[in-house]
$ cat upload-v5.tsv   # TSV, C-alpha atoms and all ligand atoms
chain	number	residue	atom	x	y	z
U	1	MET	CA	0.00	0.00	0.00
U	2	ASP	CA	1.32	3.40	-0.94
U	3	PRO	CA	0.36	5.99	1.69
U	4	ARG	CA	1.06	8.89	-0.65
U	5	LEU	CA	-1.97	8.19	-2.82
U	6	SER	CA	-4.19	8.38	0.24
U	7	VAL	CA	-3.10	11.88	1.10
U	8	ILE	CA	-2.98	13.56	-2.32
U	9	GLY	CA	-6.75	13.89	-2.57
U	10	GLU	CA	-6.78	15.56	0.80
U	11	ARG	CA	-4.02	17.98	-0.19
U	12	LEU	CA	-6.10	19.17	-3.12
U	13	GLU	CA	-9.42	19.11	-1.31
U	14	GLU	CA	-9.69	22.90	-1.16
U	15	VAL	CA	-8.53	23.47	-4.72
U	16	ALA	CA	-11.54	24.40	-6.81
U	17	ARG	CA	-10.09	23.96	-10.29
U	18	ILE	CA	-6.94	22.44	-11.81
U	19	ILE	CA	-5.69	23.48	-15.25
U	20	VAL	CA	-2.67	21.84	-16.87
U	21	VAL	CA	-0.89	23.89	-19.53
U	22	CYS	CA	0.41	21.42	-22.10
U	23	SER	CA	1.34	20.96	-25.71
U	24	GLY	CA	3.41	17.87	-26.32
U	25	LYS	CA	5.70	20.21	-28.27
U	26	GLY	CA	8.67	21.94	-26.64
U	27	GLY	CA	9.45	25.64	-26.64
U	28	VAL	CA	6.00	26.87	-27.63
U	29	GLY	CA	5.48	29.06	-24.55
U	30	LYS	CA	3.86	26.70	-22.04
U	31	SER	CA	5.83	27.96	-19.05
U	32	LEU	CA	5.42	31.59	-19.99
U	33	ILE	CA	1.67	31.16	-20.49
U	34	ALA	CA	1.28	29.10	-17.29
U	35	SER	CA	3.16	31.76	-15.30
U	36	LEU	CA	1.34	34.68	-16.90
U	37	THR	CA	-2.00	32.96	-16.38
U	38	SER	CA	-1.27	32.65	-12.66
U	39	LEU	CA	-0.19	36.29	-12.43
U	40	LEU	CA	-3.33	37.44	-14.26
U	41	SER	CA	-5.52	35.22	-12.09
U	42	SER	CA	-4.00	36.60	-8.92
U	43	ARG	CA	-4.45	40.17	-10.17
U	44	SER	CA	-8.10	39.48	-10.91
U	45	GLY	CA	-8.60	38.40	-7.30
U	46	LEU	CA	-8.37	34.62	-7.56
U	47	ARG	CA	-6.41	32.56	-5.05
U	48	VAL	CA	-4.00	30.82	-7.35
U	49	GLY	CA	-1.24	28.23	-7.19
U	50	LEU	CA	1.35	27.31	-9.81
U	51	LEU	CA	2.93	23.85	-9.86
U	52	ASP	CA	5.97	23.39	-12.06
U	53	LEU	CA	6.02	19.77	-13.21
U	54	ASP	CA	8.84	20.27	-15.70
U	55	PHE	CA	11.38	18.51	-13.49
U	56	HIS	CA	14.11	18.45	-16.12
U	57	GLY	CA	13.80	22.11	-17.01
U	58	PRO	CA	11.88	24.00	-14.34
U	59	SER	CA	11.22	27.56	-15.53
U	60	CYS	CA	8.31	29.09	-13.63
U	61	HIS	CA	10.48	30.22	-10.70
U	62	ILE	CA	12.70	32.08	-13.17
U	63	ILE	CA	9.80	33.68	-15.02
U	64	LEU	CA	8.28	34.86	-11.72
U	65	GLY	CA	11.66	36.03	-10.42
U	66	ALA	CA	11.56	33.60	-7.49
U	67	ARG	CA	14.97	31.96	-7.69
U	68	LYS	CA	15.65	32.75	-4.05
U	69	ALA	CA	12.25	31.77	-2.71
U	70	SER	CA	11.80	28.57	-0.73
U	71	PRO	CA	8.89	26.65	0.71
U	72	LEU	CA	8.15	26.79	4.40
U	73	GLU	CA	8.32	23.58	6.38
U	74	ASP	CA	5.08	23.07	8.26
U	75	ARG	CA	3.67	19.57	8.39
U	76	GLY	CA	4.73	19.29	4.77
U	77	LEU	CA	5.82	22.13	2.53
U	78	VAL	CA	3.91	25.38	2.19
U	79	PRO	CA	4.69	27.01	-1.18
U	80	PRO	CA	6.15	30.51	-1.11
U	81	THR	CA	3.90	33.27	-2.43
U	82	VAL	CA	5.44	35.19	-5.31
U	83	ALA	CA	3.54	38.15	-6.74
U	84	GLY	CA	0.36	36.71	-5.25
U	85	VAL	CA	1.00	33.24	-6.69
U	86	ARG	CA	1.72	30.18	-4.52
U	87	LEU	CA	4.53	28.55	-6.43
U	88	MET	CA	5.89	25.03	-6.03
U	89	SER	CA	8.88	23.70	-7.95
U	90	LEU	CA	11.54	21.03	-7.52
U	91	ALA	CA	14.01	23.80	-8.30
U	92	PHE	CA	13.45	25.06	-4.74
U	93	LEU	CA	14.91	21.79	-3.49
U	94	ALA	CA	17.51	20.97	-6.15
U	95	GLY	CA	18.84	24.48	-6.70
U	96	ASP	CA	20.63	24.79	-10.03
U	97	LYS	CA	21.73	21.13	-10.07
U	98	PRO	CA	20.51	18.85	-12.89
U	99	ILE	CA	17.59	16.58	-11.96
U	100	PRO	CA	18.27	13.48	-14.10
U	101	LEU	CA	15.20	11.33	-13.54
U	102	ARG	CA	14.05	8.31	-15.50
U	103	GLY	CA	10.41	7.38	-15.99
U	104	ALA	CA	9.57	5.72	-12.69
U	105	ASP	CA	11.55	8.36	-10.79
U	106	VAL	CA	9.49	11.07	-12.44
U	107	THR	CA	6.28	9.42	-11.24
U	108	ASN	CA	7.70	9.03	-7.74
U	109	ALA	CA	8.90	12.62	-7.55
U	110	LEU	CA	5.51	13.81	-8.77
U	111	LEU	CA	3.64	11.74	-6.17
U	112	GLU	CA	5.99	12.93	-3.45
U	113	LEU	CA	5.56	16.58	-4.42
U	114	LEU	CA	1.76	16.28	-4.52
U	115	ALA	CA	1.76	14.51	-1.16
U	116	ILE	CA	3.88	17.08	0.69
U	117	THR	CA	2.63	20.36	-0.79
U	118	ARG	CA	0.03	22.18	1.29
U	119	TRP	CA	-1.73	24.52	-1.10
U	120	GLY	CA	-4.50	25.53	1.24
U	121	ARG	CA	-7.61	27.04	-0.33
U	122	LEU	CA	-7.22	27.84	-4.02
U	123	ASP	CA	-9.67	28.94	-6.70
U	124	LEU	CA	-7.27	27.75	-9.34
U	125	LEU	CA	-4.17	25.57	-9.56
U	126	ILE	CA	-2.17	26.00	-12.76
U	127	VAL	CA	0.20	23.17	-13.66
U	128	ASP	CA	3.10	23.73	-16.05
U	129	SER	CA	4.09	20.58	-17.93
U	130	PRO	CA	7.21	19.57	-19.82
U	131	PRO	CA	7.21	18.76	-23.54
U	132	GLY	CA	6.34	15.20	-24.47
U	133	MET	CA	3.57	12.80	-23.53
U	134	GLY	CA	5.34	10.89	-20.80
U	135	GLU	CA	4.81	10.45	-17.08
U	136	GLU	CA	3.95	14.04	-16.26
U	137	ILE	CA	0.95	14.08	-18.62
U	138	LEU	CA	-0.11	10.49	-17.98
U	139	ASP	CA	0.24	10.75	-14.20
U	140	VAL	CA	-1.61	14.05	-14.01
U	141	ALA	CA	-4.47	12.49	-15.99
U	142	ARG	CA	-4.38	9.41	-13.75
U	143	ILE	CA	-3.94	11.02	-10.34
U	144	LEU	CA	-5.53	14.46	-10.76
U	145	ARG	CA	-8.66	13.16	-12.41
U	146	ARG	CA	-10.42	16.49	-12.48
U	147	ALA	CA	-7.58	18.35	-14.19
U	148	GLU	CA	-8.44	20.16	-17.42
U	149	ALA	CA	-5.98	20.75	-20.24
U	150	LEU	CA	-5.14	24.13	-21.74
U	151	LEU	CA	-3.27	23.51	-24.98
U	152	VAL	CA	-0.57	25.76	-26.42
U	153	THR	CA	0.71	25.64	-29.98
U	154	THR	CA	2.60	27.86	-32.39
U	155	PRO	CA	1.34	28.22	-35.97
U	156	SER	CA	4.14	25.90	-37.18
U	157	PRO	CA	2.95	22.64	-38.76
U	158	LEU	CA	5.58	20.91	-36.59
U	159	SER	CA	3.84	22.11	-33.47
U	160	LEU	CA	0.35	21.42	-34.82
U	161	SER	CA	1.18	17.84	-35.68
U	162	THR	CA	2.35	17.13	-32.11
U	163	VAL	CA	-0.55	18.95	-30.49
U	164	SER	CA	-2.90	16.95	-32.68
U	165	ARG	CA	-1.44	13.74	-31.20
U	166	LEU	CA	-1.82	15.13	-27.70
U	167	VAL	CA	-5.48	15.97	-28.39
U	168	GLN	CA	-6.09	12.35	-29.34
U	169	LEU	CA	-4.27	11.14	-26.24
U	170	LEU	CA	-6.21	13.47	-23.91
U	171	LYS	CA	-9.46	12.34	-25.47
U	172	SER	CA	-8.64	8.70	-24.79
U	173	LEU	CA	-7.63	9.59	-21.24
U	174	ARG	CA	-10.96	11.48	-20.91
U	175	THR	CA	-9.17	14.64	-19.82
U	176	PRO	CA	-11.35	17.66	-20.61
U	177	ILE	CA	-9.73	20.24	-22.91
U	178	VAL	CA	-10.49	23.89	-22.15
U	179	GLY	CA	-9.21	24.99	-25.55
U	180	VAL	CA	-6.11	25.77	-27.57
U	181	LEU	CA	-4.09	29.00	-27.53
U	182	GLU	CA	-2.05	29.98	-30.55
U	183	ASN	CA	1.22	31.53	-29.39
U	184	MET	CA	3.95	33.54	-31.09
U	185	ARG	CA	1.94	34.36	-34.17
U	186	ARG	CA	3.88	36.68	-36.46
U	187	GLU	CA	1.49	37.13	-39.38
U	188	GLU	CA	-2.09	36.55	-40.43
U	189	GLU	CA	-2.74	32.83	-40.60
U	190	GLY	CA	-5.83	30.76	-40.03
U	191	GLU	CA	-4.37	27.29	-39.79
U	192	VAL	CA	-4.60	26.82	-36.02
U	193	ALA	CA	-8.25	27.88	-35.84
U	194	ARG	CA	-9.05	25.47	-38.68
U	195	GLU	CA	-7.14	22.63	-37.04
U	196	ALA	CA	-8.85	23.26	-33.71
U	197	ARG	CA	-12.21	22.93	-35.42
U	198	ARG	CA	-11.07	19.65	-36.94
U	199	TRP	CA	-10.03	18.37	-33.49
U	200	GLY	CA	-13.29	19.51	-31.93
U	201	VAL	CA	-11.34	21.77	-29.56
U	202	ARG	CA	-12.22	25.36	-28.79
U	203	TYR	CA	-9.87	27.94	-30.36
U	204	LEU	CA	-9.16	30.51	-27.68
U	205	GLY	CA	-7.42	33.05	-29.90
U	206	TRP	CA	-3.86	34.01	-30.69
U	207	LEU	CA	-1.02	35.73	-28.87
U	208	PRO	CA	1.49	37.85	-30.77
U	209	TYR	CA	5.22	37.32	-30.79
U	210	ASP	CA	6.15	39.98	-28.23
U	211	PRO	CA	9.76	41.19	-28.41
U	212	GLU	CA	9.44	42.83	-24.97
U	213	ILE	CA	8.97	39.52	-23.21
U	214	GLU	CA	12.56	38.40	-22.71
U	215	ALA	CA	13.47	41.63	-20.92
U	216	ALA	CA	10.48	41.22	-18.60
U	217	ILE	CA	11.33	37.65	-17.50
U	218	GLY	CA	11.83	37.61	-13.73
U	219	ASP	CA	9.80	40.77	-13.20
U	220	PRO	CA	6.09	40.03	-12.55
U	221	ALA	CA	4.94	43.67	-12.67
U	222	ARG	CA	6.64	44.23	-15.98
U	223	LEU	CA	5.33	40.93	-17.37
U	224	LEU	CA	1.80	41.99	-16.48
U	225	SER	CA	2.20	45.25	-18.38
U	226	THR	CA	3.17	43.59	-21.68
U	227	GLN	CA	0.95	43.41	-24.71
U	228	LEU	CA	1.15	39.63	-24.41
U	229	ALA	CA	-0.35	39.68	-20.90
U	230	ARG	CA	-3.17	41.93	-22.08
U	231	ARG	CA	-3.99	39.61	-24.97
U	232	LEU	CA	-3.76	36.51	-22.79
U	233	GLY	CA	-6.07	38.11	-20.22
U	234	GLU	CA	-8.70	38.63	-22.91
U	235	ALA	CA	-8.40	35.05	-24.15
U	236	LEU	CA	-8.64	33.65	-20.60
U	237	ARG	CA	-11.73	35.70	-19.81
U	238	GLU	CA	-13.29	34.49	-23.04
U	239	ALA	CA	-12.42	30.91	-22.00
U	240	GLY	CA	-14.07	31.36	-18.60
U	241	ILE	CA	-10.81	30.90	-16.69
U	242	LEU	CA	-10.70	34.50	-15.52
U	243	ARG	CA	-13.71	36.46	-14.44
H	1	MET	CA	7.95	13.06	2.70
H	2	HIS	CA	7.74	15.02	5.89
H	3	GLU	CA	6.94	13.13	9.12
H	4	TRP	CA	3.62	14.88	9.65
H	5	ALA	CA	2.52	14.55	6.05
H	6	LEU	CA	3.61	10.94	6.24
H	7	ALA	CA	1.72	10.24	9.46
H	8	GLU	CA	-1.39	11.73	7.91
H	9	ALA	CA	-0.92	9.60	4.82
H	10	ILE	CA	-0.39	6.41	6.83
H	11	ILE	CA	-3.50	6.94	8.93
H	12	ARG	CA	-5.58	7.73	5.86
H	13	CYS	CA	-4.21	4.67	4.13
H	14	VAL	CA	-4.85	2.29	7.05
H	15	GLU	CA	-8.37	3.64	7.47
H	16	ASP	CA	-9.08	3.17	3.77
H	17	ALA	CA	-7.64	-0.34	3.75
H	18	THR	CA	-9.57	-1.54	6.80
H	19	GLY	CA	-12.83	0.15	5.74
H	20	GLY	CA	-14.76	0.59	9.01
H	21	LYS	CA	-13.82	-2.81	10.45
H	22	GLY	CA	-13.27	-1.84	14.08
H	23	GLY	CA	-10.14	-1.00	16.05
H	24	VAL	CA	-6.60	-1.35	14.76
H	25	GLU	CA	-4.14	-3.19	16.99
H	26	GLU	CA	-0.84	-2.93	15.16
H	27	VAL	CA	0.54	-1.22	12.07
H	28	TYR	CA	3.87	-2.33	10.65
H	29	ILE	CA	5.60	0.34	8.59
H	30	VAL	CA	8.71	-0.01	6.46
H	31	VAL	CA	10.66	3.22	5.96
H	32	GLY	CA	13.35	3.62	3.31
H	33	GLU	CA	16.60	5.04	4.66
H	34	LEU	CA	16.61	7.61	1.86
H	35	GLN	CA	13.60	9.36	3.39
H	36	SER	CA	15.67	10.17	6.50
H	37	ILE	CA	12.54	9.97	8.57
H	38	ASP	CA	12.88	10.85	12.24
H	39	LEU	CA	11.08	7.83	13.69
H	40	GLU	CA	10.43	9.50	17.04
H	41	VAL	CA	8.75	12.47	15.34
H	42	LEU	CA	6.79	10.06	13.15
H	43	ARG	CA	5.67	8.05	16.18
H	44	TRP	CA	4.60	11.22	17.95
H	45	ALA	CA	2.75	12.52	14.87
H	46	LEU	CA	0.99	9.18	14.42
H	47	GLY	CA	-0.09	9.28	18.07
H	48	GLU	CA	-1.41	12.82	17.79
H	49	LEU	CA	-3.18	12.37	14.49
H	50	SER	CA	-4.75	9.02	15.30
H	51	ARG	CA	-6.70	10.44	18.23
H	52	GLY	CA	-10.38	9.87	17.69
H	53	THR	CA	-9.75	7.45	14.82
H	54	ARG	CA	-9.81	3.66	14.75
H	55	LEU	CA	-6.04	3.74	15.11
H	56	GLU	CA	-6.19	5.42	18.50
H	57	GLN	CA	-5.07	2.29	20.40
H	58	ALA	CA	-2.71	0.99	17.74
H	59	THR	CA	0.97	0.18	18.26
H	60	PHE	CA	3.19	1.38	15.44
H	61	LYS	CA	6.16	-0.76	14.52
H	62	PHE	CA	8.90	0.46	12.21
H	63	GLU	CA	11.55	-1.16	10.10
H	64	VAL	CA	14.19	0.88	8.28
H	65	GLU	CA	15.34	-0.49	4.93
H	66	ARG	CA	18.94	0.48	4.13
H	67	ALA	CA	19.41	2.38	0.89
H	68	GLU	CA	21.30	0.64	-1.86
H	69	PHE	CA	22.29	1.98	-5.26
H	70	ALA	CA	23.35	0.26	-8.49
H	71	CYS	CA	25.07	2.16	-11.28
H	72	ARG	CA	23.44	1.68	-14.69
H	73	ASN	CA	26.65	2.72	-16.39
H	74	CYS	CA	29.26	0.47	-14.75
H	75	GLY	CA	27.32	-1.89	-12.49
H	76	LYS	CA	28.90	-0.71	-9.20
H	77	ARG	CA	26.73	-1.15	-6.11
H	78	TRP	CA	27.03	1.04	-3.05
H	79	SER	CA	25.09	2.30	-0.05
H	80	LEU	CA	24.02	5.65	1.34
H	81	SER	CA	26.67	5.66	4.03
H	82	ASP	CA	29.29	5.76	1.26
H	83	ALA	CA	27.71	8.91	-0.14
H	84	SER	CA	28.17	12.14	1.75
H	85	LEU	CA	25.25	14.49	1.59
H	86	GLY	CA	25.29	18.05	2.90
H	87	GLU	CA	22.63	19.28	5.31
H	88	GLU	CA	20.53	20.99	2.62
H	89	GLU	CA	20.89	18.07	0.26
H	90	ARG	CA	19.75	15.61	2.91
H	91	GLU	CA	16.77	17.85	3.58
H	92	ALA	CA	15.85	17.97	-0.12
H	93	VAL	CA	16.15	14.17	-0.43
H	94	HIS	CA	14.05	13.80	2.72
H	95	PHE	CA	11.20	15.61	0.95
H	96	VAL	CA	11.68	14.15	-2.53
H	97	PRO	CA	13.97	11.07	-2.46
H	98	GLU	CA	14.44	11.15	-6.26
H	99	LEU	CA	16.57	14.25	-5.78
H	100	VAL	CA	19.30	11.85	-4.70
H	101	HIS	CA	20.06	11.84	-8.44
H	102	SER	CA	20.94	15.54	-8.22
H	103	PHE	CA	23.38	15.08	-5.35
H	104	VAL	CA	24.89	11.58	-5.49
H	105	LYS	CA	27.13	10.11	-8.18
H	106	CYS	CA	28.51	6.61	-8.72
H	107	PRO	CA	31.70	6.30	-6.62
H	108	ALA	CA	33.34	4.26	-9.38
H	109	CYS	CA	32.52	6.13	-12.61
H	110	GLY	CA	30.87	9.40	-11.52
H	111	SER	CA	27.56	8.79	-13.29
H	112	PRO	CA	24.28	10.06	-11.80
H	113	ASP	CA	22.46	7.38	-13.79
H	114	PHE	CA	21.97	4.81	-11.07
H	115	GLU	CA	19.07	2.83	-9.74
H	116	VAL	CA	17.82	3.06	-6.18
H	117	VAL	CA	17.57	-0.68	-5.58
H	118	LYS	CA	16.43	-0.43	-1.98
H	119	GLY	CA	15.60	2.05	0.71
H	120	ARG	CA	13.20	4.45	-1.02
H	121	GLY	CA	9.64	5.06	-0.03
H	122	VAL	CA	7.46	4.18	2.89
H	123	TRP	CA	4.88	1.46	2.94
H	124	VAL	CA	2.56	-0.32	5.31
H	125	LYS	CA	3.61	-3.95	5.40
H	126	TYR	CA	0.75	-5.25	7.48
H	127	ILE	CA	-2.10	-4.16	9.72
H	128	ARG	CA	-3.40	-6.22	12.63
H	129	LEU	CA	-6.99	-5.60	13.71
H	130	ARG	CA	-8.19	-5.92	17.30
H	131	GLU	CA	-10.11	-9.13	18.04
H	132	GLY	CA	-13.84	-9.02	18.63
T	301	LIG	N1	4.44	35.27	-27.29
T	301	LIG	C1	5.78	35.28	-27.12
T	301	LIG	N2	6.53	36.33	-27.55
T	301	LIG	C2	7.86	36.32	-27.40
T	301	LIG	N3	8.56	35.36	-26.81
T	301	LIG	C3	7.87	34.30	-26.34
T	301	LIG	C4	6.45	34.21	-26.46
T	301	LIG	N4	6.06	33.04	-25.91
T	301	LIG	C5	7.17	32.44	-25.45
T	301	LIG	N5	8.26	33.19	-25.70
T	301	LIG	C6	9.65	32.85	-25.41
T	301	LIG	O1	9.93	31.61	-26.05
T	301	LIG	C7	10.76	30.80	-25.24
T	301	LIG	C8	10.07	29.49	-24.92
T	301	LIG	O2	9.00	29.76	-24.02
T	301	LIG	P1	8.68	28.78	-22.82
T	301	LIG	O3	9.91	28.43	-22.09
T	301	LIG	O4	7.55	29.35	-22.07
T	301	LIG	O5	8.20	27.53	-23.68
T	301	LIG	P2	7.87	26.07	-23.15
T	301	LIG	O6	6.81	25.53	-24.05
T	301	LIG	O7	7.56	26.11	-21.72
T	301	LIG	O8	9.25	25.34	-23.39
T	301	LIG	P3	9.66	23.86	-22.83
T	301	LIG	O9	8.96	22.90	-23.75
T	301	LIG	O10	11.13	23.82	-22.96
T	301	LIG	O11	9.17	23.78	-21.43
T	301	LIG	C9	11.09	31.61	-23.99
T	301	LIG	O12	12.30	32.27	-24.19
T	301	LIG	C10	9.92	32.59	-23.93
T	301	LIG	O13	10.26	33.77	-23.25
T	302	MG	MG	8.47	25.03	-20.11
T	303	ZN	ZN	29.29	3.75	-12.26
$ encode --input "upload-v5.tsv" --output "structure tokens"
Amino acid sequence: MDPRLSVIGERLEEVARIIVVCSGKGGVGKSLIASLTSLLSSRSGLRVGLLDLDFHGPSCHIILGARKASPLEDRGLVPPTVAGVRLMSLAFLAGDKPIPLRGADVTNALLELLAITRWGRLDLLIVDSPPGMGEEILDVARILRRAEALLVTTPSPLSLSTVSRLVQLLKSLRTPIVGVLENMRREEEGEVAREARRWGVRYLGWLPYDPEIEAAIGDPARLLSTQLARRLGEALREAGILR
Amino acid sequence: MHEWALAEAIIRCVEDATGGKGGVEEVYIVVGELQSIDLEVLRWALGELSRGTRLEQATFKFEVERAEFACRNCGKRWSLSDASLGEEEREAVHFVPELVHSFVKCPACGSPDFEVVKGRGVWVKYIRLREG
């Protein structure tokens, strides 16, 4: 008997909604969108948590400028609050060291993290996921049964082809899909909206390639004032994630 | 996992497994060395948290399983006592044992690609219910 499974449900008891930002494809903006979504949610008055499940390349703590933050030990770990967001990441424990985990280790680390983290009461828990369709996606679907997926793609056919596979996978896992966001669009194109219709997934709109973003990484206030944040806020309200 | 989180998990787990079948007499728990669990704190937490539950009268027995590693690269086997972890590293591994891969390397070839053969995790080996 694994005692961790018994306690995970309890840890998430007061979390009203769980949204996993995913794509299957790497480098399309998942972490940036997951982090910005939590910042926007917090600004709109929601109690929000952000869980970084990209163990091999955790990024959310860098985007939110929380490299020095650390969880508080209190009958488990209480995530630090950064710009109104309760953030949990393995980076807080491993520092800048590599975290070379194989499949079963990833599942174990994920279970352990879910079992020790005390989120408290949350309106929304955003989960950032790594590229691929391995343990992180499969375990989230298996363990966090009520999690919903928010898909991210770029207009590139390379991204679309992977996201299309993920859509099929999520459908077989019966994970609800909130919709798909098109990121880093540089010119007028309609391919993603058309594809989304083909998949039977809601198209939530597009986000521009925003050259100001890199300079704003690590600075929540500045991130919130970008054009990208404004556009994302509109899309999330439209999707019913933000009020 | 932290002792308190662990105690909570164990109680939850024993309650689920024995589904309303009366008092629990004994719970036998195996603890991997890698978790660096303070057994006295765990015992105390179990006592506190089992108040008012069916585990209230239970005796908790512990067994610590020594950690053992096997290198996937060169086949070397070694134990935790051969690896020296700093205070912060031990703490991190205590919360998430997989982080041992961030801090420990094979003593023979230096690879972090090793298997934790033994001594990870915590599980309930058996539960004895009270008669009658
Ligand atoms: N709309 C955008 N405008 C400009 N830059 C962007 C935009 N979206 C993402 N980026 C940048 O693109 C890079 C990749 O973004 P990010 O790390 O969020 O992607 P990811 O999907 O999480 O990647 P990975 O698969 O490695 O986790 C980052 O440098 C990020 O700042
Ligand atoms: Mg990422
Ligand atoms: Zn070796």
$ atom_distance --input "upload-v5.tsv" --atom1 "atom CA of Val180 of chain U" --atom2 "atom CA of Ala16 of chain U"
21.5 Å
$ atom_distance --input "upload-v5.tsv" --atom1 "atom CA of Leu124 of chain U" --atom2 "atom CA of Ala7 of chain H"
27.2 Å
$ residues_near_point --input "upload-v5.tsv" --point "(-12.5, 30.8, -21.4)" --cutoff "12 Å" --atoms "all atoms listed in the file" --output "list in words"
Ile19, Thr37, Leu150, Ile177, Val178, Gly179, Val180, Leu181, Arg202, Tyr203, Leu204, Gly205, Leu232, Gly233, Glu234, Ala235, Leu236, Arg237, Glu238, Ala239, Gly240, Ile241, Leu242 and Arg243 of chain U
$ residues_near_point --input "upload-v5.tsv" --point "(14.9, 9.9, 1.1)" --cutoff "12 Å" --atoms "all atoms listed in the file" --output "PyMOL selection string"
(chain U and resi 108-109+112) or (chain H and resi 1-3+31-38+64-68+80+85+89-101+103+116+118-122)
$ axis_aligned_box --input "upload-v5.tsv" --around "ligand LIG 301 (chain T)" --padding-each-side "3 Å" --output "AutoDock Vina command-line options"
--center_x 8.4 --center_y 29.6 --center_z -24.5 --size_x 13.9 --size_y 19.4 --size_z 12.1
$ atom_distance --input "upload-v5.tsv" --atom1 "atom CA of Leu51 of chain U" --atom2 "atom CA of Ala91 of chain U"
11.2 Å
$ residues_around --input "upload-v5.tsv" --residues "segment 54-60 of chain H" --least-positions-apart "4" --cutoff "7 Å" --atoms "all atoms listed in the file" --output "list in words"
Gly22, Gly23, Val24, Glu25, Glu26, Val27, Tyr28 and Ser50 of chain H
$ residues_near_ligand --input "upload-v5.tsv" --ligand "ligand ZN 303 (chain T)" --cutoff "9 Å" --atoms "only C-alpha atoms and all ligand atoms" --output "mmCIF file with C-alpha atoms, keeping the file's coordinate frame"
data_model
loop_
_atom_site.group_PDB
_atom_site.id
_atom_site.type_symbol
_atom_site.label_atom_id
_atom_site.label_comp_id
_atom_site.auth_asym_id
_atom_site.auth_seq_id
_atom_site.Cartn_x
_atom_site.Cartn_y
_atom_site.Cartn_z
ATOM 1 C CA ALA H 70 23.350 0.260 -8.490
ATOM 2 C CA CYS H 71 25.070 2.160 -11.280
ATOM 3 C CA ARG H 72 23.440 1.680 -14.690
ATOM 4 C CA ASN H 73 26.650 2.720 -16.390
ATOM 5 C CA CYS H 74 29.260 0.470 -14.750
ATOM 6 C CA GLY H 75 27.320 -1.890 -12.490
ATOM 7 C CA LYS H 76 28.900 -0.710 -9.200
ATOM 8 C CA ARG H 77 26.730 -1.150 -6.110
ATOM 9 C CA LYS H 105 27.130 10.110 -8.180
ATOM 10 C CA CYS H 106 28.510 6.610 -8.720
ATOM 11 C CA PRO H 107 31.700 6.300 -6.620
ATOM 12 C CA ALA H 108 33.340 4.260 -9.380
ATOM 13 C CA CYS H 109 32.520 6.130 -12.610
ATOM 14 C CA GLY H 110 30.870 9.400 -11.520
ATOM 15 C CA SER H 111 27.560 8.790 -13.290
ATOM 16 C CA PRO H 112 24.280 10.060 -11.800
ATOM 17 C CA ASP H 113 22.460 7.380 -13.790
ATOM 18 C CA PHE H 114 21.970 4.810 -11.070
#
$ residues_around --input "upload-v5.tsv" --residues "Ser102 of chain H" --least-positions-apart "5" --cutoff "8 Å" --atoms "all atoms listed in the file" --output "PDB file with C-alpha atoms, keeping the file's coordinate frame"
ATOM      1  CA  ALA U  94      17.510  20.970  -6.150  1.00  0.00           C
ATOM      2  CA  LYS U  97      21.730  21.130 -10.070  1.00  0.00           C
ATOM      3  CA  PRO U  98      20.510  18.850 -12.890  1.00  0.00           C
ATOM      4  CA  ILE U  99      17.590  16.580 -11.960  1.00  0.00           C
ATOM      5  CA  PRO U 100      18.270  13.480 -14.100  1.00  0.00           C
TER       6      PRO U 100
ATOM      7  CA  PRO H 112      24.280  10.060 -11.800  1.00  0.00           C
TER       8      PRO H 112
END
$ residues_near_ligand --input "upload-v5.tsv" --ligand "ligand LIG 301 (chain T)" --cutoff "6 Å" --atoms "all atoms listed in the file" --output "ChimeraX atom specification"
/U:26-32,130-131,183-184,207-211,213-214
$ residues_near_ligand --input "upload-v5.tsv" --ligand "ligand MG 302 (chain T)" --cutoff "12 Å" --atoms "all atoms listed in the file" --output "number ranges by chain"
U: 21-35, 51-63, 127-132, 152
$ closest_residue --input "upload-v5.tsv" --among "H:Glu63, H:Glu115, H:Glu40, H:Glu131" --to "chain U" --atoms "all atoms listed in the file"
H:Glu115
